[in-house]
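Student: Let me give you the structure first, and then I'll get to my questions.
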Amino acid sequence: MNSPWIRAQLRQLLAQRGHAWLLHGPSGLGQYNLALALAQAWLCDRPTDDGACGQCDSCHQVGSRAHTDLAVLMPETIMMELGWPLSEKAQADIDDKKRKPSREIRVDAMRDVLEFAQRTSGRGRGKVVMVYPAERMNAITANTLLKTLEEPPGDTRFVLATEAAHQLLPTIRSRCLAHTLVWPDTAESVAWLQEQGVPAAAAPALLKAAGGRPEDALRLHASGLDARTWSQWPKALARGDTAGLPDWSPTQFVEALQKLCHDLLAQRSGAVPRFFDTADLPAAASATALTAWWRSLAETSRTVEHPFNAGLMLEDLVAQARTALNSK
Ligand SMILES: [Zn+2]
């Protein structure tokens, strides 16, 4: 069941006409869930103003990730994470270790979608192409999609979802109706987190750790983070003590470091920290050291999914953090 704010936005989108939507906004606001709910409603045999029925054959096919009239274009890494099947060829290549799962939306996948768009709808309710995260299309893939958007085969609708709309070709943006994801308020988000099984005492702190983005907060909870560990982490890190942290991936670890560095820089400039409580932050470090740390983390975050040696990289990151945190 989607959150109340996603359901409200779905009603709003379904009340409008449009064969191509671009759902955009910062991460953690539910782009993927909204895009999937919209696709499911478009394909549903008995849709209502509130969305898909959830009961019909079409809904079951979407639920089992095997709808003949739904094509999803996602990076392979994200498809695997979200339980979508890869094409037979792609799965075989990855199983045979010919290559790693792609972090981009592949040109091959786009070609399959072009073929899909030319086919007749299997269930007679039209077809849907869903693209997420749309900013992961490279120039070739994006241009191919653009051609389809310019001359859409009659019964195909598109929903693109992105967390970085500025990285999309302007020509793609201009071919779509745009919808900005709604930012839910704190009370609504905390209530929803509790419904998802986050303990009441931890929900506000995890929401803060996620910068106010409820879906990110839920992911932090699922990754094993508790409110106490998060609040104690900055000072422990300054001492070089990383015991007690959840077993995060390098990506998650770098994100957490970026949040800490952000808050320390904010504090230095007199702004209110966003992810931590002021009391949890170590004493002010040097602005020069923090700025250098910020740049270095930005650099690391671009390559972090394929570290040469993950253990060594984490050690380096901790050492670097200690230096910055203890600078005067
Ligand atoms: Zn249905």
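Order determines the names: the first chain of the structure tokens is A, the second B, and so forth; residues in each chain are numbered 1 upward, and ligands are numbered 1 upward as they are shown.
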Go through stretch 81-156 of chain A and collect every residue that DSSP, computed from the backbone, puts in strand (DSSP E or B); the answer should be as number ranges by chain.
Tutor: A: 105, 127-131, 137, 156
Student: Residues at most 9 Å from ligand 1, using only C-alpha atoms and all ligand atoms? Could they come as a ChimeraX atom specification?
Tutor: /A:40-41,43-47,51-60
Student: For stretch 217-278 of chain A versus stretch 291-300 of chain A, which residues have an atom no more than 9 Å away, and what is each residue's nearest atom pair and distance in Å rounded to one decimal, using only C-alpha atoms, chain-then-number order, as JSON lines?
Tutor:
{"residue": "A:Val254", "atom": "CA", "partner": "A:Leu297", "partner_atom": "CA", "distance": 6.9}
{"residue": "A:Glu255", "atom": "CA", "partner": "A:Leu297", "partner_atom": "CA", "distance": 8.7}
{"residue": "A:Leu257", "atom": "CA", "partner": "A:Leu297", "partner_atom": "CA", "distance": 7.7}
{"residue": "A:Gln258", "atom": "CA", "partner": "A:Leu297", "partner_atom": "CA", "distance": 6.6}
{"residue": "A:Cys261", "atom": "CA", "partner": "A:Trp294", "partner_atom": "CA", "distance": 6.4}
{"residue": "A:His262", "atom": "CA", "partner": "A:Trp294", "partner_atom": "CA", "distance": 7.7}
{"residue": "A:Leu265", "atom": "CA", "partner": "A:Thr291", "partner_atom": "CA", "distance": 7.7}
Student: Can you write out the residues you just picked, keeping all heavy atoms, as a PDB file, in the first residue's frame?
Tutor:
ATOM      1  N   VAL A 254      29.397   6.550   2.296  1.00  0.00           N
ATOM      2  CA  VAL A 254      29.793   7.852   1.747  1.00  0.00           C
ATOM      3  C   VAL A 254      28.642   8.860   1.897  1.00  0.00           C
ATOM      4  O   VAL A 254      28.852  10.020   2.245  1.00  0.00           O
ATOM      5  CB  VAL A 254      30.241   7.733   0.272  1.00  0.00           C
ATOM      6  CG1 VAL A 254      30.434   9.092  -0.364  1.00  0.00           C
ATOM      7  CG2 VAL A 254      31.534   6.933   0.184  1.00  0.00           C
ATOM      8  N   GLU A 255      27.418   8.406   1.672  1.00  0.00           N
ATOM      9  CA  GLU A 255      26.266   9.306   1.852  1.00  0.00           C
ATOM     10  C   GLU A 255      26.180   9.823   3.277  1.00  0.00           C
ATOM     11  O   GLU A 255      25.920  11.003   3.513  1.00  0.00           O
ATOM     12  CB  GLU A 255      24.963   8.572   1.516  1.00  0.00           C
ATOM     13  CG  GLU A 255      24.622   8.620   0.042  1.00  0.00           C
ATOM     14  CD  GLU A 255      23.414   7.749  -0.300  1.00  0.00           C
ATOM     15  OE1 GLU A 255      22.637   7.383   0.627  1.00  0.00           O
ATOM     16  OE2 GLU A 255      23.289   7.422  -1.494  1.00  0.00           O
ATOM     17  N   LEU A 257      28.658  10.120   5.390  1.00  0.00           N
ATOM     18  CA  LEU A 257      29.755  11.071   5.596  1.00  0.00           C
ATOM     19  C   LEU A 257      29.409  12.428   4.980  1.00  0.00           C
ATOM     20  O   LEU A 257      29.705  13.476   5.553  1.00  0.00           O
ATOM     21  CB  LEU A 257      31.055  10.527   4.984  1.00  0.00           C
ATOM     22  CG  LEU A 257      31.673   9.301   5.674  1.00  0.00           C
ATOM     23  CD1 LEU A 257      32.802   8.730   4.824  1.00  0.00           C
ATOM     24  CD2 LEU A 257      32.187   9.653   7.071  1.00  0.00           C
ATOM     25  N   GLN A 258      28.772  12.398   3.819  1.00  0.00           N
ATOM     26  CA  GLN A 258      28.387  13.657   3.174  1.00  0.00           C
ATOM     27  C   GLN A 258      27.381  14.431   4.031  1.00  0.00           C
ATOM     28  O   GLN A 258      27.442  15.649   4.122  1.00  0.00           O
ATOM     29  CB  GLN A 258      27.801  13.384   1.780  1.00  0.00           C
ATOM     30  CG  GLN A 258      28.887  13.033   0.767  1.00  0.00           C
ATOM     31  CD  GLN A 258      28.330  12.709  -0.616  1.00  0.00           C
ATOM     32  OE1 GLN A 258      27.402  11.930  -0.745  1.00  0.00           O
ATOM     33  NE2 GLN A 258      28.909  13.303  -1.645  1.00  0.00           N
ATOM     34  N   CYS A 261      29.361  15.983   6.912  1.00  0.00           N
ATOM     35  CA  CYS A 261      30.163  17.109   6.438  1.00  0.00           C
ATOM     36  C   CYS A 261      29.247  18.299   6.119  1.00  0.00           C
ATOM     37  O   CYS A 261      29.560  19.442   6.465  1.00  0.00           O
ATOM     38  CB  CYS A 261      30.962  16.678   5.205  1.00  0.00           C
ATOM     39  SG  CYS A 261      32.183  17.881   4.689  1.00  0.00           S
ATOM     40  N   HIS A 262      28.116  18.015   5.497  1.00  0.00           N
ATOM     41  CA  HIS A 262      27.140  19.074   5.205  1.00  0.00           C
ATOM     42  C   HIS A 262      26.745  19.814   6.475  1.00  0.00           C
ATOM     43  O   HIS A 262      26.742  21.040   6.538  1.00  0.00           O
ATOM     44  CB  HIS A 262      25.895  18.470   4.545  1.00  0.00           C
ATOM     45  CG  HIS A 262      24.735  19.416   4.486  1.00  0.00           C
ATOM     46  ND1 HIS A 262      23.874  19.630   5.552  1.00  0.00           N
ATOM     47  CD2 HIS A 262      24.322  20.259   3.514  1.00  0.00           C
ATOM     48  CE1 HIS A 262      22.984  20.540   5.222  1.00  0.00           C
ATOM     49  NE2 HIS A 262      23.227  20.942   3.990  1.00  0.00           N
ATOM     50  N   LEU A 265      29.508  21.987   7.932  1.00  0.00           N
ATOM     51  CA  LEU A 265      29.674  23.213   7.137  1.00  0.00           C
ATOM     52  C   LEU A 265      28.519  24.181   7.409  1.00  0.00           C
ATOM     53  O   LEU A 265      28.716  25.390   7.539  1.00  0.00           O
ATOM     54  CB  LEU A 265      29.740  22.874   5.641  1.00  0.00           C
ATOM     55  CG  LEU A 265      31.094  22.366   5.146  1.00  0.00           C
ATOM     56  CD1 LEU A 265      30.967  21.717   3.771  1.00  0.00           C
ATOM     57  CD2 LEU A 265      32.114  23.511   5.095  1.00  0.00           C
TER      58      LEU A 265
END
Student: Which of these residues is nearest to A:Ala20, using only C-alpha atoms: A:Leu70, A:Val62, A:Ala165, A:Ile172?
Tutor: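 Using only C-alpha atoms, A:Ala20 sits closest to A:Ile172.
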Student: Select, from A:Thr68, A:Ser301, A:Asn309, A:Asn143, the residue with the minimum atom-to-atom distance to A:Ala117, counting only C-alpha atoms.
Tutor: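 Of the candidates, the smallest distance to A:Ala117 is held by A:Thr68.
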Student: Could you please write out, as a ChimeraX atom specification, every residue of stretch 143-250 of chain A that DSSP assigns to alpha helix (DSSP H)?
Tutor: /A:143-150,170-175,186-195,203-209,214-222,227-238,250
Student: Excluding same-chain residues fewer than 5 positions from stretch 124-138 of chain A, what lies within 9 Å of it counting only C-alpha atoms, as a ChimeraX atom specification?
Tutor: /A:22,31-32,35-36,39-40,42-45,68-75,78,103-107,113,116-117,143,154-169
Student: Do a neighbour search on stretch 197-207 of chain A at 9 Å with only C-alpha atoms, toss out local chain neighbours closer than 5 positions, and write the hits as a list in words.
Tutor: Thr186, Ala187, Ser189, Val190, Ala191, Trp192, Gly212, Arg213, Pro214, Glu215, Asp216, Ala217, Leu218, Leu220, His221, Leu225, Asp226, Ala227, Arg228, Trp230, Ser231, Phe275, Phe276 and Asp277 of chain A
Student: Here is a test: counting only C-alpha atoms, which residue of A:Met313, A:Leu14, A:Asp95, A:Ala236 is nearest to A:His179?
Tutor: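 Under the stated criterion, the closest residue is A:Leu14.
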